[in-house]
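S.K.: Take this structure first; my questions come after.
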Amino acid sequence: MHDLWNAVSTNSVLEPILPILAPGTCLVGGCVRDLLLGRPTTDFDLVTFSDVWDLTGRIGAVLGGKAFWLDKERQVARVALKRGALTVDVSPPRGPDIASDVSERDITINAMALDARERRFIDPLQGMEDLDHGIIRLIAEKNLLDDPLRGLRCLRFAVTLGFTLSGETRALARAHAGLIRGVTPERVKQEFLKSLESPRG
């Protein structure tokens, strides 16, 4: 595993914006996973307890990108760089604290966070342990029912990372596979395309 703080502090996108991040702002999700694995990272997700639009604008100014609303209703904003090849998304937490936020995500290895100001690693669901052992594990059945595409995402991560589905995750994905019919075809297509881009696809 790579040293997370070293990976963050030497990253060409993250290093310049570290001084302007508000207290409590966390790097979350798949970018934390990829930084730990030493994989190329092009999508960065920040959860902030400060004003989302203000922080996104300041990030855009530092990085030379334009800030825009990705989903204004949900208060998710984005800075796109290099014609959209690199993105920084900023959103409010899905709950009273960062542990609550990551618990709403799909799998344990995507439920890790780093408090960028405090250099504090946050891993309430033992995502690091699953990362070490190459396991894809759904956080909860409820999270799959909230977004049935997550069953397909589990398969995609298993393919692209060379990981194994936990027994419970495999059973839940099979049990609720029919719910995929209710997901927009465009989202399903993207999961297949991302899987097929992998050498194991």
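Each chain of the structure tokens is named A, B, ... in the order shown, its residues numbered from 1; ligands are numbered from 1 in display order.
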Tell me, which residues of segment 44-179 of chain A carry DSSP strand (DSSP E or B), written as a PyMOL selection string?

M.R.: chain A and resi 44-47+66-71+76-81+86-91+107+113-115+120-122+135-136+138+164-165

S.K.: Set the distance at 7 Å and use only C-alpha atoms: which residues neighbour segment 60-66 of chain A once local chain neighbours fewer than 3 positions away are removed? I'd like the list as a ChimeraX atom specification.

M.R.: /A:17,56-57,79-81

S.K.: Would you put the residues from that selection into a file with N, CA, C and O atoms, as a compact mmCIF listing (two decimals), in the first residue's frame?

M.R.:
# COMPACT_ATOMS: atom_id res chain seq x y z
N ILE A 17 -4.25 22.79 -3.57
CA ILE A 17 -5.49 23.23 -2.93
C ILE A 17 -5.54 22.92 -1.44
O ILE A 17 -6.43 23.37 -0.74
N THR A 56 -15.67 25.51 -3.99
CA THR A 56 -15.47 25.08 -5.38
C THR A 56 -14.89 26.22 -6.21
O THR A 56 -13.99 26.01 -7.03
N GLY A 57 -15.39 27.44 -5.99
CA GLY A 57 -14.88 28.59 -6.72
C GLY A 57 -13.41 28.85 -6.42
O GLY A 57 -12.62 29.16 -7.32
N VAL A 79 -15.22 21.23 -10.50
CA VAL A 79 -14.20 21.95 -11.26
C VAL A 79 -13.64 20.94 -12.26
O VAL A 79 -13.19 19.86 -11.87
N ALA A 80 -13.72 21.27 -13.54
CA ALA A 80 -13.20 20.39 -14.59
C ALA A 80 -11.89 20.96 -15.12
O ALA A 80 -11.78 22.17 -15.37
N LEU A 81 -10.91 20.10 -15.28
CA LEU A 81 -9.57 20.50 -15.74
C LEU A 81 -9.19 19.64 -16.94
O LEU A 81 -9.68 18.52 -17.09

S.K.: When distances are computed from only C-alpha atoms, which of A:Leu55, A:Ala116, A:Ile98, A:Val90 shows the smallest separation from Ala7 of chain A?

M.R.: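 Closest residue, counting only C-alpha atoms: A:Ala116.
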
S.K.: Can you pull out the residues contacting Ile20 of chain A? Cut-off 10 Å, using only C-alpha atoms, and skip same-chain residues under 2 positions away; I want them as a PyMOL selection string.

M.R.: chain A and resi 16-18+22-23+55+58-59+62+117

S.K.: Could you check how far atom CA of Gly201 of chain A sits from atom CA of Thr41 of chain A, in Å to one decimal?

M.R.: 19.8 Å

S.K.: Residues at most 12 Å from Glu129 of chain A, counting only C-alpha atoms, excluding those fewer than 4 positions away in the same chain, as a ChimeraX atom specification?

M.R.: /A:1,33,108-109,111-112,123-125,133-137

S.K.: Which of these, A:Thr87, A:Ser166, A:Thr184, A:Gln75, has the shortest distance to Leu14 of chain A once you count only C-alpha atoms?

M.R.: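 Selected residue with least distance to Leu14 of chain A: A:Thr87.
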
S.K.: In Å, how far is it from atom CA of Phe49 of chain A to atom CA of Cys26 of chain A?

M.R.: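 Distance reported for this atom pair: 9.1 Å.
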
S.K.: Quick one: residues within 9 Å of Phe121 of chain A, only C-alpha atoms counted, chain neighbours fewer than 3 positions away excluded, as a PyMOL selection string?

M.R.: chain A and resi 4-5+112-116+118

S.K.: Quick one: everything within 12 Å of Asp146 of chain A, counting only C-alpha atoms, minus sequence neighbours fewer than 2 positions away in the same chain. Send it as a list in words.

M.R.: Glu104, Arg105, Asp106, Ile139, Ala140, Glu141, Lys142, Asn143, Leu144, Pro148, Leu149, Arg150, Gly151, His176, Leu179, Ile180, Gly182 and Val183 of chain A

S.K.: I need the chosen residues saved as an mmCIF file, in the first residue's frame, with N, CA and C atoms.

M.R.:
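See out.cif below for the written result:
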data_model
loop_
_atom_site.group_PDB
_atom_site.id
_atom_site.type_symbol
_atom_site.label_atom_id
_atom_site.label_comp_id
_atom_site.auth_asym_id
_atom_site.auth_seq_id
_atom_site.Cartn_x
_atom_site.Cartn_y
_atom_site.Cartn_z
ATOM 1 N N GLU A 104 -23.051 5.693 3.720
ATOM 2 C CA GLU A 104 -24.103 5.721 2.711
ATOM 3 C C GLU A 104 -23.588 5.303 1.333
ATOM 4 N N ARG A 105 -22.299 5.002 1.217
ATOM 5 C CA ARG A 105 -21.708 4.696 -0.084
ATOM 6 C C ARG A 105 -21.901 3.224 -0.436
ATOM 7 N N ASP A 106 -21.262 2.778 -1.525
ATOM 8 C CA ASP A 106 -21.572 1.442 -2.040
ATOM 9 C C ASP A 106 -20.797 0.314 -1.367
ATOM 10 N N ILE A 139 -21.636 -2.421 1.610
ATOM 11 C CA ILE A 139 -21.757 -1.909 2.967
ATOM 12 C C ILE A 139 -23.015 -2.451 3.646
ATOM 13 N N ALA A 140 -24.118 -2.448 2.913
ATOM 14 C CA ALA A 140 -25.381 -2.934 3.483
ATOM 15 C C ALA A 140 -26.369 -3.209 2.356
ATOM 16 N N GLU A 141 -27.298 -4.112 2.609
ATOM 17 C CA GLU A 141 -28.337 -4.409 1.629
ATOM 18 C C GLU A 141 -29.132 -3.152 1.285
ATOM 19 N N LYS A 142 -29.395 -2.318 2.284
ATOM 20 C CA LYS A 142 -30.136 -1.073 2.067
ATOM 21 C C LYS A 142 -29.451 -0.213 1.014
ATOM 22 N N ASN A 143 -28.123 -0.141 1.051
ATOM 23 C CA ASN A 143 -27.400 0.694 0.105
ATOM 24 C C ASN A 143 -27.564 0.184 -1.323
ATOM 25 N N LEU A 144 -27.650 -1.140 -1.471
ATOM 26 C CA LEU A 144 -27.896 -1.724 -2.788
ATOM 27 C C LEU A 144 -29.315 -1.417 -3.255
ATOM 28 N N PRO A 148 -29.788 0.149 -7.225
ATOM 29 C CA PRO A 148 -29.521 -1.216 -7.687
ATOM 30 C C PRO A 148 -28.325 -1.346 -8.633
ATOM 31 N N LEU A 149 -27.883 -0.241 -9.222
ATOM 32 C CA LEU A 149 -26.698 -0.308 -10.090
ATOM 33 C C LEU A 149 -25.460 -0.744 -9.307
ATOM 34 N N ARG A 150 -25.515 -0.585 -7.990
ATOM 35 C CA ARG A 150 -24.355 -0.932 -7.172
ATOM 36 C C ARG A 150 -23.983 -2.412 -7.272
ATOM 37 N N GLY A 151 -24.958 -3.276 -7.564
ATOM 38 C CA GLY A 151 -24.635 -4.689 -7.773
ATOM 39 C C GLY A 151 -23.723 -4.867 -8.966
ATOM 40 N N HIS A 176 -30.940 -9.435 -5.965
ATOM 41 C CA HIS A 176 -31.585 -8.195 -6.391
ATOM 42 C C HIS A 176 -31.224 -7.818 -7.831
ATOM 43 N N LEU A 179 -33.580 -5.840 -10.213
ATOM 44 C CA LEU A 179 -33.843 -4.413 -10.023
ATOM 45 C C LEU A 179 -33.077 -3.549 -11.016
ATOM 46 N N ILE A 180 -32.070 -4.132 -11.672
ATOM 47 C CA ILE A 180 -31.301 -3.396 -12.680
ATOM 48 C C ILE A 180 -32.223 -2.869 -13.785
ATOM 49 N N GLY A 182 -34.772 -1.276 -13.565
ATOM 50 C CA GLY A 182 -35.255 0.062 -13.242
ATOM 51 C C GLY A 182 -34.192 1.146 -13.340
ATOM 52 N N VAL A 183 -32.956 0.760 -13.691
ATOM 53 C CA VAL A 183 -31.853 1.718 -13.812
ATOM 54 C C VAL A 183 -31.785 2.211 -15.255
#

S.K.: Enter the distance from atom CA of Asp130 of chain A to atom CA of Ala173 of chain A, in Å, rounded to one decimal.

M.R.: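 One can read the atom CA of Asp130 of chain A to atom CA of Ala173 of chain A distance as 18.0 Å.
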
S.K.: From the list A:Ala177, A:Val52, A:Ala85, A:Leu36, which residue is nearest Asp71 of chain A when using only C-alpha atoms?

M.R.: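 Ranking A:Ala177, A:Val52, A:Ala85, A:Leu36 by distance to Asp71 of chain A, first place goes to A:Val52.
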
S.K.: Find, counting only C-alpha atoms, the residue in A:Arg119, A:Arg94, A:Val28, A:Thr160 that gets nearest to Asn6 of chain A.

M.R.: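 Checking each of A:Arg119, A:Arg94, A:Val28, A:Thr160 against Asn6 of chain A, counting only C-alpha atoms, the winner is A:Arg119.
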
S.K.: Using DSSP on the backbone coordinates, identify all residues within segment 152-184 of chain A classified as alpha helix (DSSP H); present the result as an MDAnalysis selection string.

M.R.: chainID A and resid 152:161 167:175

S.K.: Calculated over only C-alpha atoms, which of the candidates A:Thr25, A:Thr42, A:Pro185, A:Pro96 has the smallest distance to Lys82 of chain A?

M.R.: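 Ranked by minimum distance to Lys82 of chain A, first place goes to A:Thr42.
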